[in-house]
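Single-structure report; data block below.
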Amino acid sequence: MNFPEVDLVRIVAVELDLECSMKRIAFMLVAVAAVAGIATFTASASRHGDGDAAPIFGVKIPAGYRDWRLISVAHEAGNLNDLRAILGNDIAIKAYREEKLPFPDGTILARLAWSYVPSEENNKAFGREQSFVAGPPTTVQFMVKDSKRYAATGGWWFAQFKDGKPADEAVHKSCFACHEPAKARDFVFTHYAR
Ligand code: HEC
């Protein structure tokens with residue numbers, strides 16, 4: 001027996017299926033584009049980071065900065081008495097490794113600091129008083145390069161936070177003046193620790 005209708009039904013079914021998977025592919029492409037868009041937006045927008053924006057420059061804490069790569073470490077004695085780590089985003093690390101000055105737009109440098117405390121636990125292991133480690137965090141500072149804006153401060157945006165809260169305007173007014181001695185190195189003091 002021959003039922004041509006059956007073939008017709010099958011053809012329609014195959015066409016519907018094809019149309020359906022094309023729609024699915026189109027939908028997936030749109031979804032991928034949307035995710036990529038979000039990623040680009042987050043990467044480019046340090047002013048759209050976490051928490052409140054710092055005064056004057058409007059910088060927010062850049063998302064994910066704690067996982068950035070290490071440029072160097074430092075210890076300040078005196079009133080600060082801290083241990084610090086200077087980290088950089090990918091643009092910063094690339095510029096440092098290629099010894100590129102001035103730093104390109106999009107560079108972000110993060111200076112983390114912790115109080116400098118003796119470690120009893122480590123000293124016991126060493127059998128004498130010699131160990132100092134990072135205690136509670138003090139402040140975190142950022143320098144964000146955007147040469148088109150804030151040319152007056154060398155193209156850098158400065159920001160300082162403590163416990164996620166930005167410091168006041170007076171503190172932010174002091175940043176650039178003190179970084180001026182490092183003008184020959186694009187206002188950045190820290191050298192890359194090899
Ligand atoms: C009294 C001078 C002084 C002031 C004020 C100052 N800085 Fe700095 N800053 C330094 C010096 C010196 C270093 C390098 C040594 C160190 O890390 O302790 C430094 C390091 C940094 C670094 C690491 C990159 C680099 O240049 O080495 C960042 C980021 C930074 N400061 C941000 C800020 C911000 C933001 C402010 C204002 C809220 C600020 N600084 C105010 C002197 C200063």
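Every chain in the structure tokens has a letter given in the order shown (A, B, ...), and although residue numbers restart at 1 in each chain, ligands are simply numbered from 1 in the order shown.
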Would you mind listing, for every residue of region 123-190 of chain A within 10 Å of region 50-55 of chain A, the two atoms forming the shortest contact and the distance between them in Å to one decimal, using only C-alpha atoms, sorted by chain and ascending residue number, as a tab-separated table?
```
residue	atom	partner	partner_atom	distance
A:Trp157	CA	A:Ala54	CA	9.9
A:Phe158	CA	A:Ala54	CA	8.4
A:Ala159	CA	A:Ala54	CA	5.8
A:Gln160	CA	A:Ala54	CA	7.0
A:Phe161	CA	A:Ala54	CA	7.7
A:Gly164	CA	A:Gly51	CA	6.7
A:Lys165	CA	A:Asp52	CA	6.6
A:Pro166	CA	A:Ala54	CA	4.9
A:Ala167	CA	A:Ala54	CA	6.8
A:Asp168	CA	A:Pro55	CA	6.6
A:Glu169	CA	A:Pro55	CA	5.5
A:Ala170	CA	A:Pro55	CA	9.1
A:Val171	CA	A:Pro55	CA	9.3
A:His172	CA	A:Pro55	CA	7.1
A:Lys173	CA	A:Pro55	CA	9.3
```
Given 6 Å and only C-alpha atoms and all ligand atoms, residues near ligand 1 as a list in words: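 Taking only C-alpha atoms and all ligand atoms into account, the residues around ligand 1 at most 6 Å away are Ala74, Glu76, Ile86, Leu109, Ala110, Arg111, Gln141, Phe142, Met143, Phe158, Ala159, Gln160, Val171, His172, Ser174, Cys175, Cys178, His179, Val188, Phe189 and Thr190 of chain A.
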Proximity to Pro62 (chain A) - best of A:Leu83, A:Val140, A:Ile93, A:Ala134, only C-alpha atoms: A:Val140
Proximity to Leu112 (chain A) - best of A:Arg149, A:His75, A:Arg84, A:Arg194, only C-alpha atoms: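 Ranking A:Arg149, A:His75, A:Arg84, A:Arg194 by distance to Leu112 (chain A), first place goes to A:Arg84.
Take CA of Ala177 (chain A) and CA of Asp146 (chain A): the distance between them is 17.7 Å.
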Nearest to Lys145 (chain A), chosen from A:Phe176, A:Trp68, A:Tyr192, A:Phe103, with only C-alpha atoms counted in the distances: A:Phe103
Straight-line distance linking CA of Thr107 (chain A) with CA of Val133 (chain A), stated in Å to one decimal: 28.8 Å
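Taking CA of Trp156 (chain A) as the reference point, CA of Val144 (chain A) is found at 5.4 Å.
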Test item: residues at most 10 Å from Ala92 (chain A), only C-alpha atoms, excluding those fewer than 2 positions along its chain, as a ChimeraX atom specification: /A:68-69,71,87-90,94-98,100,103-109,144-145
For those residues, write N, CA and C atoms to a file as a PDB file, in the first residue's frame.
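part_17.pdb was written with the following content:
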```
ATOM      1  N   TRP A  68      44.471  39.702  41.063  1.00  0.00           N
ATOM      2  CA  TRP A  68      45.433  40.202  40.064  1.00  0.00           C
ATOM      3  C   TRP A  68      46.841  39.731  40.402  1.00  0.00           C
ATOM      4  N   ARG A  69      47.739  39.860  39.405  1.00  0.00           N
ATOM      5  CA  ARG A  69      49.104  39.370  39.581  1.00  0.00           C
ATOM      6  C   ARG A  69      49.984  40.377  40.322  1.00  0.00           C
ATOM      7  N   ILE A  71      53.099  42.684  41.352  1.00  0.00           N
ATOM      8  CA  ILE A  71      54.159  43.511  40.772  1.00  0.00           C
ATOM      9  C   ILE A  71      55.329  43.570  41.763  1.00  0.00           C
ATOM     10  N   LEU A  87      49.591  45.070  43.139  1.00  0.00           N
ATOM     11  CA  LEU A  87      49.086  44.151  42.119  1.00  0.00           C
ATOM     12  C   LEU A  87      48.677  44.946  40.887  1.00  0.00           C
ATOM     13  N   GLY A  88      48.597  44.273  39.751  1.00  0.00           N
ATOM     14  CA  GLY A  88      48.173  44.967  38.535  1.00  0.00           C
ATOM     15  C   GLY A  88      47.207  44.121  37.731  1.00  0.00           C
ATOM     16  N   ASN A  89      46.324  44.795  36.981  1.00  0.00           N
ATOM     17  CA  ASN A  89      45.454  44.042  36.065  1.00  0.00           C
ATOM     18  C   ASN A  89      46.305  43.596  34.867  1.00  0.00           C
ATOM     19  N   ASP A  90      45.726  42.872  33.928  1.00  0.00           N
ATOM     20  CA  ASP A  90      46.503  42.294  32.818  1.00  0.00           C
ATOM     21  C   ASP A  90      47.240  43.360  32.015  1.00  0.00           C
ATOM     22  N   LYS A  94      51.366  43.477  31.587  1.00  0.00           N
ATOM     23  CA  LYS A  94      51.962  43.444  30.244  1.00  0.00           C
ATOM     24  C   LYS A  94      52.893  44.656  30.069  1.00  0.00           C
ATOM     25  N   ALA A  95      52.413  45.835  30.470  1.00  0.00           N
ATOM     26  CA  ALA A  95      53.211  47.053  30.319  1.00  0.00           C
ATOM     27  C   ALA A  95      54.497  46.958  31.141  1.00  0.00           C
ATOM     28  N   TYR A  96      54.381  46.443  32.366  1.00  0.00           N
ATOM     29  CA  TYR A  96      55.563  46.287  33.223  1.00  0.00           C
ATOM     30  C   TYR A  96      56.577  45.339  32.583  1.00  0.00           C
ATOM     31  N   ARG A  97      56.088  44.185  32.102  1.00  0.00           N
ATOM     32  CA  ARG A  97      57.012  43.180  31.553  1.00  0.00           C
ATOM     33  C   ARG A  97      57.668  43.664  30.273  1.00  0.00           C
ATOM     34  N   GLU A  98      56.927  44.504  29.520  1.00  0.00           N
ATOM     35  CA  GLU A  98      57.500  45.034  28.271  1.00  0.00           C
ATOM     36  C   GLU A  98      58.205  46.364  28.520  1.00  0.00           C
ATOM     37  N   LYS A 100      57.007  49.229  29.244  1.00  0.00           N
ATOM     38  CA  LYS A 100      56.360  50.233  28.420  1.00  0.00           C
ATOM     39  C   LYS A 100      55.923  51.434  29.269  1.00  0.00           C
ATOM     40  N   PHE A 103      52.176  54.170  30.937  1.00  0.00           N
ATOM     41  CA  PHE A 103      51.256  53.044  31.017  1.00  0.00           C
ATOM     42  C   PHE A 103      50.049  53.296  30.111  1.00  0.00           C
ATOM     43  N   PRO A 104      49.590  52.266  29.383  1.00  0.00           N
ATOM     44  CA  PRO A 104      48.443  52.471  28.481  1.00  0.00           C
ATOM     45  C   PRO A 104      47.127  52.680  29.239  1.00  0.00           C
ATOM     46  N   ASP A 105      46.176  53.296  28.560  1.00  0.00           N
ATOM     47  CA  ASP A 105      44.837  53.465  29.148  1.00  0.00           C
ATOM     48  C   ASP A 105      44.280  52.095  29.525  1.00  0.00           C
ATOM     49  N   GLY A 106      43.600  52.041  30.637  1.00  0.00           N
ATOM     50  CA  GLY A 106      43.025  50.773  31.105  1.00  0.00           C
ATOM     51  C   GLY A 106      43.912  50.110  32.154  1.00  0.00           C
ATOM     52  N   THR A 107      45.148  50.627  32.327  1.00  0.00           N
ATOM     53  CA  THR A 107      46.022  50.101  33.381  1.00  0.00           C
ATOM     54  C   THR A 107      45.379  50.375  34.736  1.00  0.00           C
ATOM     55  N   ILE A 108      45.364  49.383  35.599  1.00  0.00           N
ATOM     56  CA  ILE A 108      44.959  49.624  36.994  1.00  0.00           C
ATOM     57  C   ILE A 108      46.003  49.007  37.915  1.00  0.00           C
ATOM     58  N   LEU A 109      46.495  49.831  38.847  1.00  0.00           N
ATOM     59  CA  LEU A 109      47.433  49.366  39.866  1.00  0.00           C
ATOM     60  C   LEU A 109      46.692  49.360  41.189  1.00  0.00           C
ATOM     61  N   VAL A 144      44.151  54.363  38.325  1.00  0.00           N
ATOM     62  CA  VAL A 144      43.509  53.921  37.078  1.00  0.00           C
ATOM     63  C   VAL A 144      43.931  54.869  35.962  1.00  0.00           C
ATOM     64  N   LYS A 145      44.490  54.317  34.881  1.00  0.00           N
ATOM     65  CA  LYS A 145      44.972  55.185  33.792  1.00  0.00           C
ATOM     66  C   LYS A 145      43.861  55.466  32.780  1.00  0.00           C
TER      67      LYS A 145
END
```
Residue set, region 36-166 of chain A restricted to alpha helix (DSSP H), as JSON, numbers by chain: {"A": [36, 37, 38, 39, 40, 41, 42, 43, 44, 90, 91, 92, 93, 94, 95, 96, 97, 120, 121, 122, 123, 124, 125, 126]}
